[in-house]
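The next block holds one structure in the form of structure tokens; read it before the comments.
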Amino acid sequence: MKRYSAFAIAREAVRYHQGWERAWASPVPKKEYDVIIVGAGGHGLATAFYLGKNFGITNVAIIEKGWLGGGNTGRNTTIIRSNYLQDPSAAIYEKARSLYETMSQDLNYNVMFSPRGVMMLAQTEHEVRGYKRTAHANALQGVKTEFITPGKVKYLCPIIEVNGPRFPVLGALWQARGGTARHDAVAWGYARACSDMGMDIIQQCEVTGITQAKGQVTGVETSKGAIKCKKLAMVVAGHCGVLAEKAGFRLPVESVALQALVSEPIKPCMDVVVMANTVHGYMSQSDKGEMVIGGGTDGFNNYTQRGSFHHIEETVRALVETFPMISRLKMLRQWGGIVDVTGDRSPILSKTPLGNCFINCGWGTGGFKAIPGSGWAMAETIAKGEPGALAAPFGLDRFKEGRFIDESVAAGVAH
Amino acid sequence: MSTRLQTGGTIIDRGQQIEFRWNGKRLRGFSGDTLASALLANNQMLLGRSFKYHRPRGLVASGAEEPNALVGLGEGARFEPNQRATTTELFSGLTAQPQNAWPSLEFDIGALNKMMTRFFPAGFYYKTFMYPRAAWKHVFEPVIRKAAGLGAAPKDPDADTYEHYHTHTDVMVIGGGISGLAAALEAGRSGARVLLVEQTANFGGRAIVDGVEIDGGDAESWINETLKTLNEMDNVTVVNRCLGAGVYDHGYVLAYQRLTDHTPDKDGPRHRLWRIRAKQVVTATGALERPLSFAGNDVPGVMLAGAVRDYATLYGVSVGDRVVIATNNDDAYRTAITLHRAGLIVPVIVDARPEANGTLPEQARALGIRIDTGKAIAKVKGGKRVTGVSLCVQAGEGSVLEEVACDAVAMSGGWSPVVHLWSHCGGKLNWDAEQAMFRPDPKRPPTGADGNGMLHVAGTANGYLDAASALADAGQAGRDAAKDAGFKPAAGTAPKAVSEAEAPILPVWSMPQGAGVKLQMKTFLDYQNDVKVSDVRLAAREGYESVEHTKRYTTLGMATDQGKLSNINGLAILADSLNAEIPRVGTTTFRPPYQPISMGAIAGSARAELFKPVRKSPVHAWFEDNGAVWEPVGDWRRPYTIRQAGENQKDAVKREILNTRQNVGLLDASTLGKIIVKGPDAGKFLDLLYTNMMSTLKPGFCRYGLMCTENGFLTDDGVVARLDEDTFLCHTTSGGSDRIHAWMEDWLQTEWWDFKVYTANLTEQYAQIAVVGPKARQVLEKLGGMDVSKESLPFMRFAEGTLAGIPARAFRISFSGELSYEIAVPASQGRAFWDKCLEAGAEFGIQPYGTEALHVMRAEKGFIMIGDETDGTIIPQDLNLNWAISKKKADFLGKRAQERSHMTDPDRWKLVGLLTENPADVLPDGAYAVDGTTAPTGIKTTIGRVTSSYYSPTLDRSIAMGLVKHGPERMGEVIDFPTTEGAVIKAKIVDPVFFDPEGEKQNV
Amino acid sequence: MLLLTCPNCGVEADETELSAGGQAHLKRFAAGSSDDEFESYLFHRSNAKGVHFERWRHSYGCGKWFLAARDTNTLEVFGTYPAQTPEPPKDLIAAIKKKRPDWKGFAK
Amino acid sequence: MSDVQSVLGGASFDGAVKVTEAGVQGMITLRGDLGSEALAKAVKSAVGLAVPAPLAVKSGAKGAVAWMSPDELLLTVPYDQAEAAVAKLTKALADEHHLAVNVSDARAVFTLSGDAVRDVLAKGTPADVSPAGFKPGVIRRSQLGLVAAAFWMTSDTEVTVVCFRSVGEYMYNWLCTAAKPGTLPIVS
Ligand SMILES: Cc1cc2nc3c(=O)[nH]c(=O)nc-3n(C[C@H](O)[C@H](O)[C@H](O)COP(=O)(O)OP(=O)(O)OC[C@H]3O[C@@H](n4cnc5c(N)ncnc54)[C@H](O)[C@@H]3O)c2cc1C
Ligand SMILES: NC(=O)c1ccc[n+]([C@@H]2O[C@H](COP(=O)([O-])OP(=O)(O)OC[C@H]3O[C@@H](n4cnc5c(N)ncnc54)[C@H](O)[C@@H]3O)[C@@H](O)[C@H]2O)c1
Ligand SMILES: Cc1cc2nc3c(=O)[nH]c(=O)nc-3n(C[C@H](O)[C@H](O)[C@H](O)COP(=O)(O)O)c2cc1C
Ligand SMILES: [Zn+2]
């Protein structure tokens, strides 16, 4: 693979960019692979990447029913942070965040990780206490955060109304090295690197069945025929329930719509990511200038990638109150994704009832930020057959034991 | 030069001149103008700069699809960025500024010269700016961001207001062209409720411009008559300036009405968002003209042929003196003819088709207009304005045959039906190869709640480009919709339209057909985002083959026009690059809104005091008048403390506590939940709901109870009073009343529906006022009316009667450890009772106290607080509340859950008291205790945490409660709490009851 | 934006009048059940892409719970019925089968 | 009685529609078997009216009765008669499983009058308030503004709106905003 660089661009410019190679190949599936990963979202691709990079396993196929990165990875609001309360969460999200720091260089693909800072506003006394608790936890977890004053909030984000009559801003939990990344590029960068390692990314190919013998997976049936494998990983987010059913088990997961919207682009006016959980909305400004906005999920199961408009209304209402100037901006586009929400709102990285089948799902409304960490931990689980330190707390067994990883306890935080 | 013609302009009123400002200049237009037509009339061709390359941009279109002419409109609190000049109606005093250019529109240093653009093809930023690592955030990103973005951010809070409006209708028709009017008329005749919306100020759409004849007269007369008929029908509502913005599931439609954008001086809301429930929807949204892809097609002066005709016909404006027409279909000849008739010069019609012999070309020929068939535009010349075109053969690669001087080019690549609204909610499309367009597939419509189609498409939007068949189709759509909505439409009496017959279009996706890469790099698809033909081909070459990948890699169609002009051309190029059929490539997903809509409208009237309702207790106003510092609790506001003159918050809390402990305090506890549970099975039901046994409670008695979720976690607590054999009154936390009431009803309705139990939430029926402190009894005795003695009303009992003449129920319960009465009175008399307590209590030193004093006093007593000691992961056993968990009951909610291995784990952290070694140190809220070890993940091992921490004025030292691993077994041990500042606070593990452990103060 | 007819009061209710309550017809496992049963009851969900039986409450209206059969992929509502119904009504099952011949039928 | 205060002390606003806080109103929640004879008799004796059909409201000289849910009615009587009426109902239904409680103080009541009352409601409720779905005799419980409310027409140009007391002030402000002159009627 030819490397990307400013020099390469200059070289190509001279020949009108006729010489660029394909970013990833479009192979015909082989008969068998060591590992098949279902789902070419960020998590599936990162899992493949670290299988190759950390364990030298490259006889891998990533099977995608649509176009790679077209699931939630391609439709999320790209917030990256690791200021979680519970230790297992902080461990995996901080691992992910630190991998984001060098992702562009690691992949030789600019994913535009922008550590511009994430603030979570505290607008009730209860939230103040919750975020202070998180700040304490983070200090011990090695996650750099601080609880900041309303004055600092206003300084970092001048367009916020900190003295709103209904929910004045009482402070915020601030993670200076949180931020955003270019979501599509994360999928594309991993895909290019995987393809370069000789892995097969097979798009437009739906897994329709999982063949098994003696409690082990032997392969998958797909819309492009049967493919055998020695190990199988299901990394299909909103469709994990559908796939688990085909494999013969049920998950503690429900699939619901989560929506987002963007405004028309304007000149930079907001250099940080702001989340306001009391009023339920969050916002950042993309490098192209749109305000990227997200809110809450629908309460009912849904596979349409469309949500109900009243959630958009609630979110916009909250943000107009928090950022009065956006009242005169316009909503350009709204969309939805199908997120997989677990019983304790934390993800699942786990072995399954089938010996050589592993599952990675349940990232729900907040798994974009986890992509590299999750891929790292998942690759380890697949390669060794047992979860390592990062993945272990996220096993399916926790639901039986009552050993939940409940992040909502501090302040009902999503994303 | 673009200019106002001497005559013409069907929708302007030349008698009414309007002054406005553009880019600092004072200009004039007429009533009826849009900002776009008025700018053209003033020879303002250069209106903006493109997104990426800052190239000069002028008007392309005349309607909502305009990608270039975006302006900053208005000033100050009424400034709005990215306003389309084409949809802005001119009004007196309008002020507009160009965008995305610095220092000026004419001289923009952001503009990249032609050489540089070569270095910035699609996706270049993914391939560079990676080294050194920190440079992205600090160097590259700021530069890119500064260049990107369009209009300026508004600075001030919006001065306007907005509102919502709901309506239910049988048939909703979107689009007020002749098709929409015909559909509405037919649907209306069936008796169905009909709502017709049109996004612009004017009805009739393109038919007026095209000179269509209907029922023997001109289109205008038919339109006016039809509108009149519709307006006279009681069951029909017609709204203009109202955009059909989005179609959602189950017949939900969003419409966006612009009420005062064109008359900003008028009072009232600026926009109104309509939330519509329609049984059936008809979209009659017409078609949009496509540009042609030739080099230089973005130079100001290159416009859509239909738009050029619109400006001439509707506004009497010419876009240039010499207008070259470029086309692949007959419709553009109408523009040529219109311009010719207006006295302008059409040097040549460049028609890519091998021949052009239809009615319209013949008419043009007869007028003496030169028609070059089989020809193409090789390149447009000019920088900030067209100066000429060079011609070539369409079949070739672009060798120039001839240069033609001109000052504008009118192009037409054919028409695309507006299928957006059909597609928002899942309607599918077919590719009509003959007409080169995507059309709605009537067999795969978006479906409603009943699984049947909920949308019909009418007229041009359905792919019927000629007026006659459009009208026939629209009438049928109106009738079909009415029928599907449950009405019986009469047989149609479709109006007959006549327009010139048109010869078939020749799909032309590239002009000339063999245009090489150099031309491709100058051929624009997406004008606003600067996406060129070469970019799409590059994306395909690099493997971004899915149309969705191409879109995201090149940003094609992601600009503010959402690809209304560019999408079809772009995907045709992609299909060609992949050597695939157009339908196989498919379209990108259509998403609402059809046109951007204001955030203000989406938020509606819910601003400031209407933002989110504050619940107010009957005593709220007293606090407002007496210095309360408010704290939100659920949706309520409760006073955190009530400051006296000159006092700070901390001192106020201290005073309130000491006064309550020494004299008597008054607390508004009205927000506490109060739920009546009544019926023969009420006891049995509460036994399932609470961890304690409630069925054994005797009438007249109170008992503190705990509720857990089915998952075992403590979710609410409160005192239950048994009013009589059948009736219990359950108190809940302030935040919990609605939730717990709903939770009770959930179990009663969906699990134990055989139980004979009724509930009612009486939270708001009563004001509840706590009189607390050693002198509480004296205050009540002074109020008089009820025996509140120790004997008649002992601890954990209640009594009914009157106090100070007000009906009251007095509970002897205490959350402070003091002698305490909570008195429930009818809410309407709550304020009166409060005032009387203050009056009667004056001699005893009564003082109201707030939630913080309440919290401190309960912590001094070691009482838990839901939300402090609990957080959704805590079981009662963690809080040593085993005494409140019945061992006798076979079942209660949470019981099974609490038997799981993790819940019975002896290592669970348990509640203890914590005393800092230095009494002046107050442990920080939420601090964790560590044992000095570190986990393999690098995380320091924690062994406990602070759940509540206060300075206690009663004890004059700090106190805290917390959960500690093996805590109760480690009494007296000292553990370390690191602070976020890096210090360590040492605290001793003690019993959590800090004050009056024997309960002597409350049992008096 | 769903529209569901509340069988308790007959109102065709806008989604904003309703609250969703998750999968219907779960059998409650309480004290005495096995770990597996209890885990299943609390957490395992059909999460079907297609026919789904679910609970709704007409919370802003009559306040009553009801059940609905709905397709999670098309959002078609096959029918609603009172919450006090242990299993989906037979005629509803038949009607769904007619519309969705591939549907495997109601499974707890 | 002098101690009794409604939420807004009878405030009113003359807009495109007149908004008035109606003062305190006696209200009783009655839950029970709406089909039972005893209940019918009890209701009759309390307000002189028969048990209404679903979504119906009836009024007479003694008061009114509204259908709230399959096992719940709302009875209105003068404020100072509510306690007595509850006692009477409780006695009459002593042999039946039921619940009768005074909820008069838990509510705020508003009257809207004018030609555009439907439009005012339509600004805030998803319920169909056109004559097709809403006319005198019909009660709707739904959302109004951002809170729960019940409303019914007492004539073609007059509506009663009931909400919880704690949000009475919000409701009043919301209604006044919706009734601003110049914004109505929306659909003539
Ligand atoms: C609107 C929205 C906003 C969000 N905002 C944030 C945020 O700000 N920050 C954050 O961290 N997270 C956010 N998230 C969550 C985040 O997007 C997801 O957690 C994350 O992208 C999940 O990645 P994934 O790879 O697991 O799933 P996906 O990207 O969804 O990938 C799964 C893939 O599996 C494929 N697949 C499914 N079934 C099959 C099959 N049978 N055969 C083959 N392939 C199949 C799908 O087509 C899909 O491509 C948001 C999500 C949404 C929807
Ligand atoms: N021959 C051609 O190539 C050609 C092409 C296009 C149109 N036409 C002519 O156009 C006429 C067809 O009339 P028609 O009524 O079908 O289309 P139309 O374009 O005349 O009218 C559509 C109307 O819908 C409105 N509209 C579009 N989207 C809307 C939305 N989301 N919300 C609200 N309003 C919206 C537009 O403003 C317009 O007034 C005929 O005269 C036909 O011959 C001809
Ligand atoms: C962070 C982010 C920024 C986006 N910015 C834009 C934008 O500027 N213009 C646009 O049209 N869409 C934008 N989108 C939305 C996409 O066009 C698209 O709607 C989304 O990825 C979901 O895909 P779908 O609509 O094709 O289902 C953005 C999406 C995300 C996640
Ligand atoms: Zn109902």
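Residue names in the structure tokens use chain letters A, B, ... in the order shown, residue numbers from 1 in each chain, and ligand numbers from 1 in the order shown.
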
Please provide the set of residues having any atom within 8 Å of Phe203 in chain B, restricted to only C-alpha atoms, with same-chain residues fewer than 3 positions apart removed, written as an MDAnalysis selection string. chainID B and resid 176:178 198 200 223 240

Show me which residues line ligand 3, defined as having an atom within 7 Å of a ligand atom where only C-alpha atoms and all ligand atoms count, and present them as a PyMOL selection string. (chain A and resi 74-78+183+262+265+286+288+290+292+305+332-336) or (chain B and resi 548+557-559+562+588-591)

Mind listing as a ChimeraX atom specification which residues of chain B are within 10 Å of chain C, counting only C-alpha atoms? /B:247-253,277,425-426,446-452,710-711,742,745-746,748-754,889-901

Protein and nucleic residues near ligand 1, 6 Å, only C-alpha atoms and all ligand atoms, as JSON, numbers by chain: {"A": [38, 39, 40, 41, 42, 43, 44, 63, 64, 65, 66, 68, 69, 70, 71, 72, 73, 75, 76, 77, 78, 79, 80, 206, 207, 208, 235, 236, 237, 239, 258, 259, 260, 336, 337, 338, 339, 361, 363, 364, 365, 366, 367, 368, 369, 415]}

So that I can see what lies close to Arg797 in chain B, please list as an mmCIF file with N, CA, C and O atoms, in the first residue's frame the residues with an atom at most 9 Å from it, counting only C-alpha atoms and leaving out residues fewer than 2 positions away in the same chain.
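result26.cif, freshly written:
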data_model
loop_
_atom_site.group_PDB
_atom_site.id
_atom_site.type_symbol
_atom_site.label_atom_id
_atom_site.label_comp_id
_atom_site.auth_asym_id
_atom_site.auth_seq_id
_atom_site.Cartn_x
_atom_site.Cartn_y
_atom_site.Cartn_z
ATOM 1 N N GLY B 700 -54.189 4.058 62.158
ATOM 2 C CA GLY B 700 -53.742 5.107 63.071
ATOM 3 C C GLY B 700 -52.234 5.134 63.261
ATOM 4 O O GLY B 700 -51.696 6.071 63.821
ATOM 5 N N PHE B 701 -51.554 4.105 62.740
ATOM 6 C CA PHE B 701 -50.107 4.010 62.929
ATOM 7 C C PHE B 701 -49.354 4.340 61.632
ATOM 8 O O PHE B 701 -49.909 4.278 60.534
ATOM 9 N N CYS B 702 -48.083 4.660 61.808
ATOM 10 C CA CYS B 702 -47.206 4.947 60.669
ATOM 11 C C CYS B 702 -46.030 3.969 60.697
ATOM 12 O O CYS B 702 -45.617 3.515 61.772
ATOM 13 N N ARG B 703 -45.495 3.688 59.535
ATOM 14 C CA ARG B 703 -44.309 2.836 59.459
ATOM 15 C C ARG B 703 -43.430 3.305 58.295
ATOM 16 O O ARG B 703 -43.920 3.606 57.217
ATOM 17 N N ALA B 721 -48.874 5.366 56.261
ATOM 18 C CA ALA B 721 -49.843 5.491 57.357
ATOM 19 C C ALA B 721 -51.078 4.679 56.988
ATOM 20 O O ALA B 721 -51.529 4.715 55.844
ATOM 21 N N LEU B 793 -51.035 11.693 70.787
ATOM 22 C CA LEU B 793 -50.390 11.584 69.475
ATOM 23 C C LEU B 793 -48.931 11.208 69.659
ATOM 24 O O LEU B 793 -48.035 12.039 69.546
ATOM 25 N N PRO B 794 -48.671 9.935 69.986
ATOM 26 C CA PRO B 794 -47.280 9.515 70.191
ATOM 27 C C PRO B 794 -46.521 9.384 68.871
ATOM 28 O O PRO B 794 -47.119 9.473 67.794
ATOM 29 N N PHE B 795 -45.256 9.144 68.993
ATOM 30 C CA PHE B 795 -44.370 8.989 67.829
ATOM 31 C C PHE B 795 -44.888 7.879 66.923
ATOM 32 O O PHE B 795 -45.365 6.848 67.367
ATOM 33 N N ALA B 799 -53.106 11.794 63.619
ATOM 34 C CA ALA B 799 -54.447 12.143 64.091
ATOM 35 C C ALA B 799 -55.085 13.107 63.106
ATOM 36 O O ALA B 799 -54.385 13.821 62.375
ATOM 37 N N ALA B 810 -52.337 15.267 61.189
ATOM 38 C CA ALA B 810 -51.007 15.497 61.767
ATOM 39 C C ALA B 810 -50.298 14.163 61.972
ATOM 40 O O ALA B 810 -50.837 13.263 62.613
ATOM 41 N N PHE B 811 -49.096 14.037 61.405
ATOM 42 C CA PHE B 811 -48.298 12.823 61.548
ATOM 43 C C PHE B 811 -47.157 13.107 62.513
ATOM 44 O O PHE B 811 -46.450 14.108 62.355
ATOM 45 N N ARG B 812 -46.952 12.211 63.473
ATOM 46 C CA ARG B 812 -45.784 12.369 64.352
ATOM 47 C C ARG B 812 -44.632 11.579 63.740
ATOM 48 O O ARG B 812 -44.368 10.443 64.114
ATOM 49 N N ILE B 813 -44.023 12.160 62.802
ATOM 50 C CA ILE B 813 -42.866 11.502 62.195
ATOM 51 C C ILE B 813 -41.724 12.492 62.166
ATOM 52 O O ILE B 813 -41.946 13.692 62.243
#

Neighbourhood of ligand 4 at 8 Å, counting only C-alpha atoms and all ligand atoms, reported as a PyMOL selection string: (chain C and resi 5-11+13+57-59+61-65) or (chain D and resi 69)

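Among the candidate residues B:Leu46, B:Leu288, B:Leu688, B:Ile740, the one lying nearest to ligand 2 is B:Leu288, with distances computed using only C-alpha atoms and all ligand atoms.
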
Distance-based interface of chain D with chain B, 7 Å, counting only C-alpha atoms, as an MDAnalysis selection string: chainID D and resid 3:6 31 97 99 103:106 122:126 128 165:167 170 174 182:183

So that I can check the secondary structure, give me every residue of range 163-402 of chain A assigned alpha helix (DSSP H) by backbone DSSP, as a ChimeraX atom specification. /A:183-196,240-247,309-322,371-384,398-401

For range 168-181 of chain A, work out the shell of residues within 6 Å, counting only C-alpha atoms and skipping chain neighbours fewer than 4 positions away, then give it as a compact mmCIF listing (two decimals) with N, CA, C and O atoms, in the first residue's frame.
# COMPACT_ATOMS: atom_id res chain seq x y z
N THR A 78 -20.07 11.57 17.25
CA THR A 78 -18.60 11.53 17.31
C THR A 78 -17.96 12.02 18.60
O THR A 78 -16.81 12.40 18.62
N ILE A 79 -18.72 12.00 19.67
CA ILE A 79 -18.14 12.46 20.92
C ILE A 79 -17.21 11.39 21.50
O ILE A 79 -17.58 10.22 21.59
N ILE A 80 -16.03 11.84 21.87
CA ILE A 80 -15.04 10.95 22.46
C ILE A 80 -14.68 11.48 23.84
O ILE A 80 -14.29 12.64 23.99
N ARG A 81 -14.86 10.63 24.82
CA ARG A 81 -14.48 11.00 26.18
C ARG A 81 -14.27 9.71 26.96
O ARG A 81 -14.66 8.63 26.48
N VAL A 111 -7.81 10.70 10.76
CA VAL A 111 -9.17 10.58 11.30
C VAL A 111 -9.57 11.84 12.06
O VAL A 111 -10.64 11.91 12.65
N MET A 112 -8.70 12.84 11.99
CA MET A 112 -9.02 14.16 12.54
C MET A 112 -9.47 14.11 13.99
O MET A 112 -10.43 14.76 14.37
N PHE A 113 -8.78 13.31 14.78
CA PHE A 113 -9.08 13.31 16.21
C PHE A 113 -8.78 14.71 16.73
O PHE A 113 -7.68 15.22 16.56
N SER A 114 -9.78 15.29 17.32
CA SER A 114 -9.66 16.68 17.75
C SER A 114 -9.93 16.78 19.24
O SER A 114 -11.07 16.87 19.67
N PRO A 115 -8.89 16.73 20.05
CA PRO A 115 -9.10 16.75 21.51
C PRO A 115 -9.41 18.16 21.98
O PRO A 115 -8.62 18.80 22.64
N ARG A 116 -10.58 18.60 21.63
CA ARG A 116 -10.95 19.99 21.89
C ARG A 116 -11.57 20.17 23.26
O ARG A 116 -11.85 21.28 23.69
N GLY A 117 -11.83 19.06 23.95
CA GLY A 117 -12.40 19.15 25.29
C GLY A 117 -13.89 18.88 25.30
O GLY A 117 -14.62 19.33 24.41
N VAL A 118 -14.31 18.11 26.28
CA VAL A 118 -15.73 17.79 26.44
C VAL A 118 -16.16 18.27 27.81
O VAL A 118 -15.49 17.99 28.81
N MET A 119 -17.27 19.00 27.86
CA MET A 119 -17.79 19.37 29.17
C MET A 119 -19.21 18.85 29.35
O MET A 119 -20.01 18.89 28.44
N MET A 120 -19.45 18.33 30.53
CA MET A 120 -20.78 17.86 30.87
C MET A 120 -21.34 18.80 31.93
O MET A 120 -20.81 18.87 33.05
N LEU A 121 -22.36 19.53 31.57
CA LEU A 121 -22.87 20.56 32.45
C LEU A 121 -23.58 19.97 33.65
O LEU A 121 -24.35 19.01 33.53
N ALA A 122 -23.35 20.56 34.80
CA ALA A 122 -24.11 20.21 35.99
C ALA A 122 -25.15 21.30 36.20
O ALA A 122 -24.80 22.47 36.33
N GLN A 123 -26.42 20.92 36.15
CA GLN A 123 -27.47 21.92 36.26
C GLN A 123 -28.42 21.68 37.41
O GLN A 123 -29.43 22.37 37.55
N TYR A 131 -21.10 14.59 39.42
CA TYR A 131 -19.88 14.86 38.64
C TYR A 131 -18.66 15.02 39.53
O TYR A 131 -17.54 14.69 39.13
N THR A 145 -9.65 14.60 34.47
CA THR A 145 -10.84 15.43 34.39
C THR A 145 -10.82 16.41 35.55
O THR A 145 -10.06 16.24 36.50
N GLU A 146 -11.66 17.41 35.47
CA GLU A 146 -11.80 18.30 36.62
C GLU A 146 -13.21 18.87 36.64
O GLU A 146 -13.87 18.97 35.60
N PHE A 147 -13.64 19.22 37.84
CA PHE A 147 -14.93 19.89 37.98
C PHE A 147 -14.68 21.39 37.90
O PHE A 147 -13.88 21.92 38.65
N ILE A 148 -15.33 22.05 36.93
CA ILE A 148 -15.02 23.47 36.73
C ILE A 148 -16.21 24.35 37.09
O ILE A 148 -17.35 23.91 37.14
N THR A 149 -15.91 25.63 37.30
CA THR A 149 -16.92 26.58 37.73
C THR A 149 -17.72 27.09 36.53
O THR A 149 -17.28 26.99 35.38
N PRO A 150 -18.88 27.69 36.82
CA PRO A 150 -19.66 28.29 35.73
C PRO A 150 -18.84 29.33 34.95
O PRO A 150 -18.98 29.44 33.73
N VAL A 162 -25.15 30.68 30.87
CA VAL A 162 -24.95 29.99 32.15
C VAL A 162 -25.96 30.41 33.20
O VAL A 162 -26.12 29.74 34.21
N ASN A 163 -26.65 31.52 32.95
CA ASN A 163 -27.60 32.00 33.95
C ASN A 163 -29.05 31.75 33.55
O ASN A 163 -29.94 32.51 33.90
N GLY A 164 -29.26 30.71 32.78
CA GLY A 164 -30.64 30.40 32.36
C GLY A 164 -31.55 30.31 33.55
O GLY A 164 -31.16 29.84 34.62

May I ask you to write as an mmCIF file with C-alpha atoms, in the first residue's frame all residues lying at most 6 Å from ligand 2, with only C-alpha atoms and all ligand atoms counted?
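File result_38.cif, as written:
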data_model
loop_
_atom_site.group_PDB
_atom_site.id
_atom_site.type_symbol
_atom_site.label_atom_id
_atom_site.label_comp_id
_atom_site.auth_asym_id
_atom_site.auth_seq_id
_atom_site.Cartn_x
_atom_site.Cartn_y
_atom_site.Cartn_z
ATOM 1 C CA ILE B 174 -48.212 19.373 -0.172
ATOM 2 C CA GLY B 175 -47.494 21.751 -3.011
ATOM 3 C CA GLY B 176 -49.763 24.420 -4.467
ATOM 4 C CA GLY B 177 -48.964 24.142 -8.150
ATOM 5 C CA ILE B 178 -51.709 23.166 -10.546
ATOM 6 C CA SER B 179 -51.304 19.545 -9.509
ATOM 7 C CA GLY B 180 -51.695 20.279 -5.814
ATOM 8 C CA VAL B 197 -49.760 23.859 1.931
ATOM 9 C CA GLU B 198 -47.560 25.778 -0.482
ATOM 10 C CA GLN B 199 -44.043 26.805 0.458
ATOM 11 C CA THR B 200 -43.988 30.075 -1.462
ATOM 12 C CA PHE B 203 -49.909 29.392 -5.897
ATOM 13 C CA GLY B 204 -49.757 27.935 -9.352
ATOM 14 C CA GLY B 205 -46.146 26.800 -9.577
ATOM 15 C CA ARG B 206 -44.578 26.472 -12.983
ATOM 16 C CA ALA B 207 -47.732 26.432 -15.066
ATOM 17 C CA VAL B 212 -50.083 26.491 -19.920
ATOM 18 C CA CYS B 242 -45.907 26.901 4.492
ATOM 19 C CA LEU B 243 -43.341 24.237 3.706
ATOM 20 C CA GLY B 244 -44.185 20.555 3.859
ATOM 21 C CA ALA B 245 -40.988 19.835 5.767
ATOM 22 C CA ALA B 284 -47.578 17.569 -5.482
ATOM 23 C CA THR B 285 -44.154 19.034 -5.106
ATOM 24 C CA GLY B 286 -43.282 19.409 -8.779
ATOM 25 C CA ALA B 287 -39.874 18.814 -10.294
ATOM 26 C CA ASP B 331 -38.335 22.563 -22.130
ATOM 27 C CA TRP B 415 -36.147 17.604 -14.674
ATOM 28 C CA GLY B 459 -48.459 15.500 -11.232
ATOM 29 C CA THR B 460 -44.921 16.464 -12.077
ATOM 30 C CA ALA B 461 -43.696 15.035 -8.798
ATOM 31 C CA LEU B 465 -43.958 16.472 -16.995
ATOM 32 C CA ASP B 466 -46.613 17.806 -19.320
ATOM 33 C CA ALA B 467 -49.421 19.805 -17.870
ATOM 34 C CA ALA B 470 -49.936 16.085 -14.678
ATOM 35 C CA TYR B 594 -37.086 19.127 2.733
#

Could you list, as a ChimeraX atom specification, the residues of chain A having an atom within 6 Å of chain B when counting only C-alpha atoms? /A:4-6,13,21-23,109-110,114,133,136,140-141,265-267,287-289,313,316-317,324-325,327-333,401-403,409

Excluding same-chain residues fewer than 5 positions from Met378 in chain A, what lies within 12 Å of it counting only C-alpha atoms, as a VMD selection string? chain A and resid 37 43 to 51 54 to 55 92 232 to 235 347 to 351 357 to 361 370 to 373 383 to 392 394 to 395

List every residue of range 15-187 of chain D that DSSP, applied to the backbone, labels as strand (DSSP E or B), and write the result as a ChimeraX atom specification. /D:18-21,26-31,56-59,64-69,72-77,99-102,107-113,138-144,147-155,158-164

Contacts from chain A to chain C, 10 Å maximum, only C-alpha atoms: show me the residue list as a PyMOL selection string. chain A and resi 238-242+244-245+249-256+298-311+340+342-344+397-402
